[in-house]
file model_23.cif (mmCIF, C-alpha atoms)
data_start
loop_
_atom_site.group_PDB
_atom_site.id
_atom_site.type_symbol
_atom_site.label_atom_id
_atom_site.label_comp_id
_atom_site.auth_asym_id
_atom_site.auth_seq_id
_atom_site.Cartn_x
_atom_site.Cartn_y
_atom_site.Cartn_z
ATOM 1 C CA MET A 71 15.258 38.718 44.836
ATOM 2 C CA LYS A 72 12.600 39.977 42.497
ATOM 3 C CA ARG A 73 9.780 37.624 41.690
ATOM 4 C CA ILE A 74 8.749 37.171 38.026
ATOM 5 C CA PRO A 75 4.987 37.469 37.539
ATOM 6 C CA PHE A 76 3.204 34.266 36.619
ATOM 7 C CA ARG A 77 1.548 35.875 33.582
ATOM 8 C CA ARG A 78 4.908 36.786 32.115
ATOM 9 C CA VAL A 79 6.229 33.222 32.590
ATOM 10 C CA LEU A 80 3.070 31.871 31.018
ATOM 11 C CA ARG A 81 3.408 34.217 28.004
ATOM 12 C CA ILE A 82 7.033 33.204 27.485
ATOM 13 C CA ALA A 83 6.163 29.512 27.769
ATOM 14 C CA LEU A 84 3.287 29.832 25.309
ATOM 15 C CA LEU A 85 5.491 31.763 22.894
ATOM 16 C CA ALA A 86 8.176 29.055 23.131
ATOM 17 C CA VAL A 87 5.608 26.332 22.479
ATOM 18 C CA ALA A 88 4.240 28.262 19.484
ATOM 19 C CA VAL A 89 7.731 28.712 18.029
ATOM 20 C CA VAL A 90 8.568 25.011 18.452
ATOM 21 C CA PHE A 91 5.192 24.000 16.990
ATOM 22 C CA GLY A 92 5.652 26.387 14.051
ATOM 23 C CA LEU A 93 9.149 25.078 13.335
ATOM 24 C CA ALA A 94 7.971 21.475 13.535
ATOM 25 C CA TRP A 95 5.051 22.272 11.233
ATOM 26 C CA GLY A 96 7.314 24.004 8.723
ATOM 27 C CA ILE A 97 9.864 21.199 8.720
ATOM 28 C CA GLY A 98 7.071 18.679 8.219
ATOM 29 C CA GLU A 99 5.640 20.641 5.314
ATOM 30 C CA ILE A 100 9.048 20.771 3.620
ATOM 31 C CA ALA A 101 10.035 17.174 4.413
ATOM 32 C CA TYR A 102 6.676 15.654 3.517
ATOM 33 C CA PRO A 103 4.996 17.226 0.536
ATOM 34 C CA ARG A 104 1.594 15.610 0.200
ATOM 35 C CA THR A 105 1.863 14.782 -3.463
ATOM 36 C CA ASN A 106 1.872 11.426 -5.164
ATOM 37 C CA PRO A 107 4.445 10.363 -7.729
ATOM 38 C CA PRO A 108 3.185 9.894 -11.278
ATOM 39 C CA GLY A 109 1.877 6.510 -12.255
ATOM 40 C CA ARG A 110 -1.474 5.018 -11.467
ATOM 41 C CA HIS A 111 -2.796 1.491 -11.109
ATOM 42 C CA THR A 112 -4.452 0.128 -14.214
ATOM 43 C CA PRO A 113 -7.073 -2.460 -13.230
ATOM 44 C CA PRO A 114 -7.351 -5.346 -12.881
ATOM 45 C CA ILE A 115 -4.753 -6.693 -10.503
ATOM 46 C CA LEU A 116 -6.884 -9.742 -9.737
ATOM 47 C CA SER A 117 -10.584 -9.012 -10.258
ATOM 48 C CA ALA A 118 -12.929 -6.083 -9.756
ATOM 49 C CA GLY A 119 -13.911 -7.388 -6.313
ATOM 50 C CA SER A 120 -10.338 -7.990 -5.165
ATOM 51 C CA ASP A 121 -9.196 -4.674 -6.577
ATOM 52 C CA GLU A 122 -11.861 -2.887 -4.510
ATOM 53 C CA ILE A 123 -10.577 -4.653 -1.389
ATOM 54 C CA LEU A 124 -6.955 -3.781 -2.219
ATOM 55 C CA ARG A 125 -7.872 -0.155 -2.932
ATOM 56 C CA ARG A 126 -9.754 0.135 0.378
ATOM 57 C CA ALA A 127 -7.172 -1.593 2.579
ATOM 58 C CA CYS A 128 -3.798 -1.235 0.833
ATOM 59 C CA PHE A 129 -3.564 1.585 -1.710
ATOM 60 C CA ASP A 130 -2.919 4.475 0.704
ATOM 61 C CA CYS A 131 0.506 3.005 1.521
ATOM 62 C CA HIS A 132 1.132 0.622 -1.363
ATOM 63 C CA SER A 133 0.416 2.759 -4.440
ATOM 64 C CA ASN A 134 0.990 6.187 -5.926
ATOM 65 C CA GLU A 135 -2.631 6.979 -5.101
ATOM 66 C CA SER A 136 -2.297 7.830 -1.403
ATOM 67 C CA ILE A 137 -5.033 9.964 0.082
ATOM 68 C CA HIS A 138 -3.702 12.568 2.527
ATOM 69 C CA PRO A 139 -6.325 13.379 5.195
ATOM 70 C CA TRP A 140 -6.178 16.290 7.641
ATOM 71 C CA TYR A 141 -3.968 14.515 10.179
ATOM 72 C CA THR A 142 -1.123 14.233 7.648
ATOM 73 C CA HIS A 143 -0.621 17.973 8.249
ATOM 74 C CA LEU A 144 0.179 17.527 11.941
ATOM 75 C CA PRO A 145 3.831 17.963 12.911
ATOM 76 C CA VAL A 146 5.781 14.801 13.646
ATOM 77 C CA LEU A 147 2.808 12.623 12.678
ATOM 78 C CA ASN A 148 3.237 13.725 9.071
ATOM 79 C CA LEU A 149 6.855 12.548 9.109
ATOM 80 C CA LEU A 150 5.875 9.157 10.536
ATOM 81 C CA ILE A 151 3.163 8.732 7.916
ATOM 82 C CA ALA A 152 5.483 9.807 5.100
ATOM 83 C CA ASP A 153 8.063 7.262 6.221
ATOM 84 C CA HIS A 154 5.428 4.529 6.451
ATOM 85 C CA ILE A 155 4.166 5.298 2.926
ATOM 86 C CA ARG A 156 7.734 5.343 1.578
ATOM 87 C CA GLU A 157 8.430 1.941 3.134
ATOM 88 C CA GLY A 158 5.106 0.560 1.889
ATOM 89 C CA ARG A 159 5.804 1.638 -1.675
ATOM 90 C CA GLU A 160 9.303 0.166 -1.522
ATOM 91 C CA GLU A 161 7.900 -3.177 -0.351
ATOM 92 C CA LEU A 162 5.021 -3.306 -2.865
ATOM 93 C CA ASN A 163 3.663 -0.568 -5.103
ATOM 94 C CA PHE A 164 0.495 -1.547 -6.938
ATOM 95 C CA SER A 165 1.026 1.405 -9.279
ATOM 96 C CA ASP A 166 4.007 -0.515 -10.664
ATOM 97 C CA TRP A 167 2.038 -3.753 -11.025
ATOM 98 C CA ASP A 168 1.962 -3.696 -14.827
ATOM 99 C CA SER A 169 5.756 -3.380 -15.012
ATOM 100 C CA MET A 170 6.377 -6.337 -12.668
ATOM 101 C CA GLY A 171 7.117 -9.767 -14.119
ATOM 102 C CA ALA A 172 4.764 -12.689 -13.545
ATOM 103 C CA GLU A 173 7.072 -14.311 -11.004
ATOM 104 C CA ALA A 174 7.460 -11.068 -9.034
ATOM 105 C CA ARG A 175 3.682 -10.588 -9.028
ATOM 106 C CA GLY A 176 3.109 -14.110 -7.760
ATOM 107 C CA GLU A 177 5.672 -13.671 -5.003
ATOM 108 C CA ALA A 178 4.205 -10.283 -4.039
ATOM 109 C CA LEU A 179 0.713 -11.780 -3.818
ATOM 110 C CA GLU A 180 1.941 -14.723 -1.784
ATOM 111 C CA GLU A 181 3.802 -12.486 0.674
ATOM 112 C CA SER A 182 0.857 -10.069 0.894
ATOM 113 C CA LEU A 183 -1.621 -12.839 1.687
ATOM 114 C CA GLU A 184 0.751 -14.209 4.304
ATOM 115 C CA THR A 185 1.106 -10.843 6.076
ATOM 116 C CA ILE A 186 -2.667 -10.347 5.981
ATOM 117 C CA GLN A 187 -3.302 -13.813 7.434
ATOM 118 C CA GLU A 188 -0.755 -13.167 10.198
ATOM 119 C CA GLY A 189 -2.554 -9.932 11.090
ATOM 120 C CA GLU A 190 0.426 -7.745 10.202
ATOM 121 C CA MET A 191 -1.437 -5.893 7.451
ATOM 122 C CA PRO A 192 -3.188 -3.578 7.343
ATOM 123 C CA VAL A 193 -1.343 -2.085 10.301
ATOM 124 C CA VAL A 194 -3.332 -1.374 13.452
ATOM 125 C CA GLY A 195 -2.586 2.366 13.449
ATOM 126 C CA TYR A 196 -4.048 2.654 9.963
ATOM 127 C CA THR A 197 -7.182 0.639 10.737
ATOM 128 C CA LEU A 198 -7.874 2.774 13.820
ATOM 129 C CA LEU A 199 -8.251 5.810 11.551
ATOM 130 C CA HIS A 200 -9.649 3.819 8.591
ATOM 131 C CA PRO A 201 -11.968 1.126 10.002
ATOM 132 C CA ASP A 202 -13.156 0.327 6.474
ATOM 133 C CA ALA A 203 -9.646 -1.049 5.809
ATOM 134 C CA LEU A 204 -10.217 -3.933 8.227
ATOM 135 C CA LEU A 205 -10.412 -7.142 6.227
ATOM 136 C CA SER A 206 -13.197 -9.594 6.918
ATOM 137 C CA GLU A 207 -12.934 -13.348 6.440
ATOM 138 C CA ALA A 208 -14.943 -12.909 3.233
ATOM 139 C CA ASP A 209 -12.466 -10.269 1.996
ATOM 140 C CA LEU A 210 -9.557 -12.596 2.709
ATOM 141 C CA ALA A 211 -11.324 -15.526 1.014
ATOM 142 C CA THR A 212 -11.960 -13.374 -2.080
ATOM 143 C CA LEU A 213 -8.318 -12.310 -2.234
ATOM 144 C CA GLN A 214 -7.105 -15.898 -1.766
ATOM 145 C CA ALA A 215 -9.431 -17.288 -4.423
ATOM 146 C CA ASP A 216 -8.581 -14.600 -6.956
ATOM 147 C CA ALA A 217 -4.840 -14.803 -6.235
ATOM 148 C CA SER A 218 -4.511 -18.596 -6.291
ATOM 149 C CA PRO A 219 -3.944 -18.901 -10.080
ATOM 150 C CA PHE A 220 -1.085 -16.407 -9.796
ATOM 151 C CA LEU A 221 0.740 -17.823 -6.776
ATOM 152 C CA PRO A 222 4.042 -19.676 -7.107
ATOM 153 C CA THR A 223 3.752 -23.451 -7.183
ATOM 154 C CA GLU A 224 5.322 -25.747 -4.589
ATOM 155 C CA GLY A 225 8.313 -26.247 -6.889
ATOM 156 C CA GLY A 226 9.038 -22.525 -6.619
ATOM 157 C CA GLU A 227 8.019 -21.647 -10.151
ATOM 158 C CA GLY A 228 5.657 -18.741 -10.508
ATOM 159 C CA GLY A 229 2.171 -19.943 -11.239
ATOM 160 C CA GLY A 230 1.163 -16.392 -11.899
ATOM 161 C CA HIS A 231 1.316 -14.892 -15.311
ATOM 162 C CA GLY A 232 0.233 -11.319 -14.692
ATOM 163 C CA ASN A 233 -3.358 -10.312 -15.042
ATOM 164 C CA ARG A 234 -6.132 -12.551 -16.331
ATOM 165 C CA GLU A 235 -5.439 -11.706 -19.980
ATOM 166 C CA ASP A 236 -1.751 -12.574 -19.532
ATOM 167 C CA ARG A 237 -2.631 -15.870 -17.826
ATOM 168 C CA GLU A 238 -5.158 -16.829 -20.527
ATOM 169 C CA LYS A 239 -2.617 -16.014 -23.242
ATOM 170 C CA HIS A 240 -0.020 -18.124 -21.435
ATOM 171 C CA GLU A 241 -2.466 -21.034 -21.161
ATOM 172 C CA ARG A 242 -3.310 -20.762 -24.883
ATOM 173 C CA ASP A 243 0.402 -20.695 -25.726
ATOM 174 C CA GLU A 244 1.019 -23.792 -23.599
ATOM 175 C CA GLU A 245 -1.904 -25.624 -25.208
ATOM 176 C CA GLY A 246 -0.664 -24.632 -28.645
ATOM 177 C CA GLY A 247 2.849 -25.811 -27.750
ATOM 178 C CA GLU A 248 1.580 -29.210 -26.593
ATOM 179 C CA HIS A 249 -0.511 -29.508 -29.749
ATOM 180 C CA ASP A 250 2.538 -28.771 -31.889
ATOM 181 C CA LYS A 251 4.547 -31.424 -30.012
ATOM 182 C CA ASP A 252 1.802 -33.961 -30.701
ATOM 183 C CA ASN A 253 1.858 -33.051 -34.405
ATOM 184 C CA ASP A 254 5.639 -33.395 -34.500
ATOM 185 C CA ARG A 255 5.400 -37.002 -33.290
ATOM 186 C CA ASP A 256 3.128 -38.087 -36.170
#
call {"tool": "encode", "arguments": {"input": "model_23.cif", "output": "structure tokens"}}
result
Amino acid sequence: MKRIPFRRVLRIALLAVAVVFGLAWGIGEIAYPRTNPPGRHTPPILSAGSDEILRRACFDCHSNESIHPWYTHLPVLNLLIADHIREGREELNFSDWDSMGAEARGEALEESLETIQEGEMPVVGYTLLHPDALLSEADLATLQADASPFLPTEGGEGGGHGNREDREKHERDEEGGEHDKDNDRD
């Protein structure tokens, strides 16, 4: 029996690995184009400070403003990241914030704060590559304070009425409505 030289086996193995890697890379490039859908976040969601925190820790997966670093080009990893971003946008997309109703915004904020407090967000894999996305106690306190006027009340009604301008308009409308009721009684 004739023995196959080691160099030839090595060349064939390396060629096979290169072909598989090239196919995986090509499939990843086709399946995961690194482009963002149209639509951008129009500040403010809560406040300038909270928006900076959200942008730093949440926007790569929860907006149409994802930044695609070098590792999103790696085969297989790019598919995992694409799927994670797709799921994140389906759960909450800050780029759609202005089109969400007040109740939906309040519920989204409440659920987001809950997942942050439970340590589920931002996900560990993301914070390993983006340590600036780790939220400090001060970051969480800022988000909680700025979100509190928008959160649903205990009775289940949305306490949130959009951004600050929407909430102030709502409060003025309520005050005006109470004033009109008082005038009707006289």
call {"tool": "residues_around", "arguments": {"input": "model_23.cif", "residues": "A:Thr105", "least_positions_apart": "6", "cutoff": "10 Å", "atoms": "all atoms listed in the file", "output": "PyMOL selection string"}}
result
chain A and resi 134-138
call {"tool": "residues_around", "arguments": {"input": "model_23.cif", "residues": "A:Phe164", "least_positions_apart": "4", "cutoff": "9 Å", "atoms": "all atoms listed in the file", "output": "list in words"}}
result
Arg110, His111, Thr112, Ile115, Cys128, Phe129, His132, Ser133, Asn134, Arg159 and Asp168 of chain A
call {"tool": "resolve_selection", "arguments": {"input": "model_23.cif", "expression": "the PyMOL selection byres ((chain A and resi 204-206) around 12)", "output": "ChimeraX atom specification"}}
result
/A:120,122-128,183,186-187,189-203,207-213
call {"tool": "resolve_selection", "arguments": {"input": "model_23.cif", "expression": "the PyMOL selection byres ((chain A and resi 179) around 10)", "output": "PDB file with C-alpha atoms, in the coordinates of the input"}}
result
ATOM      1  CA  LEU A 116      -6.884  -9.742  -9.737  1.00  0.00           C
ATOM      2  CA  LEU A 162       5.021  -3.306  -2.865  1.00  0.00           C
ATOM      3  CA  GLU A 173       7.072 -14.311 -11.004  1.00  0.00           C
ATOM      4  CA  ALA A 174       7.460 -11.068  -9.034  1.00  0.00           C
ATOM      5  CA  ARG A 175       3.682 -10.588  -9.028  1.00  0.00           C
ATOM      6  CA  GLY A 176       3.109 -14.110  -7.760  1.00  0.00           C
ATOM      7  CA  GLU A 177       5.672 -13.671  -5.003  1.00  0.00           C
ATOM      8  CA  ALA A 178       4.205 -10.283  -4.039  1.00  0.00           C
ATOM      9  CA  GLU A 180       1.941 -14.723  -1.784  1.00  0.00           C
ATOM     10  CA  GLU A 181       3.802 -12.486   0.674  1.00  0.00           C
ATOM     11  CA  SER A 182       0.857 -10.069   0.894  1.00  0.00           C
ATOM     12  CA  LEU A 183      -1.621 -12.839   1.687  1.00  0.00           C
ATOM     13  CA  GLU A 184       0.751 -14.209   4.304  1.00  0.00           C
ATOM     14  CA  THR A 185       1.106 -10.843   6.076  1.00  0.00           C
ATOM     15  CA  LEU A 213      -8.318 -12.310  -2.234  1.00  0.00           C
ATOM     16  CA  GLN A 214      -7.105 -15.898  -1.766  1.00  0.00           C
ATOM     17  CA  ALA A 217      -4.840 -14.803  -6.235  1.00  0.00           C
ATOM     18  CA  SER A 218      -4.511 -18.596  -6.291  1.00  0.00           C
ATOM     19  CA  PHE A 220      -1.085 -16.407  -9.796  1.00  0.00           C
ATOM     20  CA  LEU A 221       0.740 -17.823  -6.776  1.00  0.00           C
ATOM     21  CA  PRO A 222       4.042 -19.676  -7.107  1.00  0.00           C
ATOM     22  CA  GLY A 230       1.163 -16.392 -11.899  1.00  0.00           C
TER      23      GLY A 230
END
call {"tool": "axis_aligned_box", "arguments": {"input": "model_23.cif", "around": "stretch 138-143 of chain A", "padding_each_side": "8 Å", "output": "JSON"}}
result
{"center_x": -3.5, "center_y": 15.3, "center_z": 6.4, "size_x": 21.7, "size_y": 21.4, "size_z": 23.7}
call {"tool": "atom_distance", "arguments": {"input": "model_23.cif", "atom1": "atom CA of A:Asp166", "atom2": "atom CA of A:Leu149"}}
result
23.9 Å
call {"tool": "atom_distance", "arguments": {"input": "model_23.cif", "atom1": "atom CA of A:Asn148", "atom2": "atom CA of A:Cys131"}}
result
13.4 Å
call {"tool": "residues_near_point", "arguments": {"input": "model_23.cif", "point": "(5.8, 9.0, -2.5)", "cutoff": "6 Å", "atoms": "all atoms listed in the file", "output": "PyMOL selection string"}}
result
chain A and resi 106-107+156
call {"tool": "atom_distance", "arguments": {"input": "model_23.cif", "atom1": "atom CA of A:Lys72", "atom2": "atom CA of A:Ala88"}}
result
27.1 Å
call {"tool": "decode", "arguments": {"input": "model_23.cif", "residues": "stretch 87-199 of chain A", "atoms": "C-alpha atoms", "output": "short mmCIF file (atom, residue, chain, number, x, y, z; two decimals), in the first residue's frame"}}
result
data_model
loop_
_atom_site.label_atom_id
_atom_site.label_comp_id
_atom_site.auth_asym_id
_atom_site.auth_seq_id
_atom_site.Cartn_x
_atom_site.Cartn_y
_atom_site.Cartn_z
CA VAL A 87 -10.78 24.51 5.42
CA ALA A 88 -10.36 27.51 3.09
CA VAL A 89 -13.31 26.41 0.94
CA VAL A 90 -15.55 25.90 3.99
CA PHE A 91 -14.44 29.24 5.46
CA GLY A 92 -15.03 31.01 2.14
CA LEU A 93 -18.50 29.50 1.77
CA ALA A 94 -19.40 30.41 5.35
CA TRP A 95 -18.12 33.95 4.79
CA GLY A 96 -20.09 34.32 1.57
CA ILE A 97 -23.29 32.99 3.09
CA GLY A 98 -22.87 35.36 6.02
CA GLU A 99 -22.34 38.32 3.73
CA ILE A 100 -25.51 37.49 1.79
CA ALA A 101 -27.62 36.59 4.84
CA TYR A 102 -26.49 39.53 6.96
CA PRO A 103 -26.02 42.74 5.05
CA ARG A 104 -24.63 45.28 7.49
CA THR A 105 -27.08 48.03 6.70
CA ASN A 106 -29.65 49.65 8.93
CA PRO A 107 -33.28 50.13 7.97
CA PRO A 108 -34.42 53.71 7.45
CA GLY A 109 -35.71 55.60 10.43
CA ARG A 110 -33.73 57.22 13.17
CA HIS A 111 -34.41 58.10 16.79
CA THR A 112 -35.50 61.67 17.34
CA PRO A 113 -34.48 62.79 20.84
CA PRO A 114 -35.58 62.96 23.55
CA ILE A 115 -36.88 59.62 24.71
CA LEU A 116 -36.55 60.64 28.35
CA SER A 117 -33.85 63.29 28.81
CA ALA A 118 -30.47 64.09 27.30
CA GLY A 119 -28.71 62.16 30.07
CA SER A 120 -30.94 59.09 29.79
CA ASP A 121 -30.77 59.16 26.02
CA GLU A 122 -26.96 59.06 26.19
CA ILE A 123 -27.18 56.01 28.46
CA LEU A 124 -29.69 54.30 26.14
CA ARG A 125 -27.57 55.09 23.08
CA ARG A 126 -24.44 53.68 24.74
CA ALA A 127 -26.01 50.52 26.17
CA CYS A 128 -29.07 49.73 24.03
CA PHE A 129 -29.09 51.29 20.56
CA ASP A 130 -26.86 48.75 18.78
CA CYS A 131 -29.59 46.11 19.17
CA HIS A 132 -32.69 48.17 19.90
CA SER A 133 -32.65 50.81 17.14
CA ASN A 134 -32.07 51.28 13.43
CA GLU A 135 -28.72 52.83 14.32
CA SER A 136 -26.66 49.68 14.89
CA ILE A 137 -22.91 50.04 14.57
CA HIS A 138 -21.29 47.07 12.81
CA PRO A 139 -17.70 46.57 14.04
CA TRP A 140 -15.10 44.31 12.43
CA TYR A 141 -16.27 41.13 14.16
CA THR A 142 -19.68 41.34 12.45
CA HIS A 143 -17.83 40.21 9.30
CA LEU A 144 -16.75 36.89 10.82
CA PRO A 145 -18.60 33.81 9.55
CA VAL A 146 -21.20 32.32 11.87
CA LEU A 147 -20.71 35.13 14.39
CA ASN A 148 -22.27 37.55 11.92
CA LEU A 149 -25.37 35.37 11.69
CA LEU A 150 -25.69 35.19 15.48
CA ILE A 151 -25.33 38.96 15.79
CA ALA A 152 -27.82 39.59 12.99
CA ASP A 153 -30.35 37.35 14.70
CA HIS A 154 -29.78 39.07 18.05
CA ILE A 155 -30.28 42.52 16.48
CA ARG A 156 -33.43 41.33 14.69
CA GLU A 157 -34.86 40.00 17.96
CA GLY A 158 -33.86 43.18 19.82
CA ARG A 159 -35.60 45.40 17.29
CA GLU A 160 -38.72 43.23 17.40
CA GLU A 161 -38.84 43.51 21.20
CA LEU A 162 -38.15 47.27 21.35
CA ASN A 163 -36.95 49.60 18.61
CA PHE A 164 -36.15 53.10 19.85
CA SER A 165 -36.20 54.30 16.24
CA ASP A 166 -39.96 53.69 16.33
CA TRP A 167 -40.40 55.50 19.64
CA ASP A 168 -42.24 58.49 18.17
CA SER A 169 -44.83 56.23 16.52
CA MET A 170 -45.58 54.30 19.73
CA GLY A 171 -48.56 55.28 21.86
CA ALA A 172 -48.11 56.58 25.40
CA GLU A 173 -49.27 53.32 26.96
CA ALA A 174 -46.90 51.25 24.80
CA ARG A 175 -44.01 53.56 25.70
CA GLY A 176 -44.76 53.27 29.40
CA GLU A 177 -44.94 49.49 29.19
CA ALA A 178 -41.71 49.34 27.16
CA LEU A 179 -39.91 51.49 29.73
CA GLU A 180 -41.24 49.42 32.61
CA GLU A 181 -40.17 46.15 30.99
CA SER A 182 -36.77 47.59 30.02
CA LEU A 183 -36.04 48.78 33.55
CA GLU A 184 -37.08 45.40 34.90
CA THR A 185 -34.73 43.49 32.57
CA ILE A 186 -31.89 45.88 33.42
CA GLN A 187 -32.47 45.47 37.16
CA GLU A 188 -32.53 41.68 36.78
CA GLY A 189 -29.18 41.81 34.97
CA GLU A 190 -30.61 40.43 31.73
CA MET A 191 -29.75 43.56 29.73
CA PRO A 192 -27.41 44.52 28.31
CA VAL A 193 -26.45 40.94 27.53
CA VAL A 194 -23.11 39.67 28.81
CA GLY A 195 -21.74 38.86 25.34
CA TYR A 196 -22.33 42.45 24.27
CA THR A 197 -20.77 43.99 27.38
CA LEU A 198 -17.65 41.84 26.96
CA LEU A 199 -16.99 43.55 23.63
#
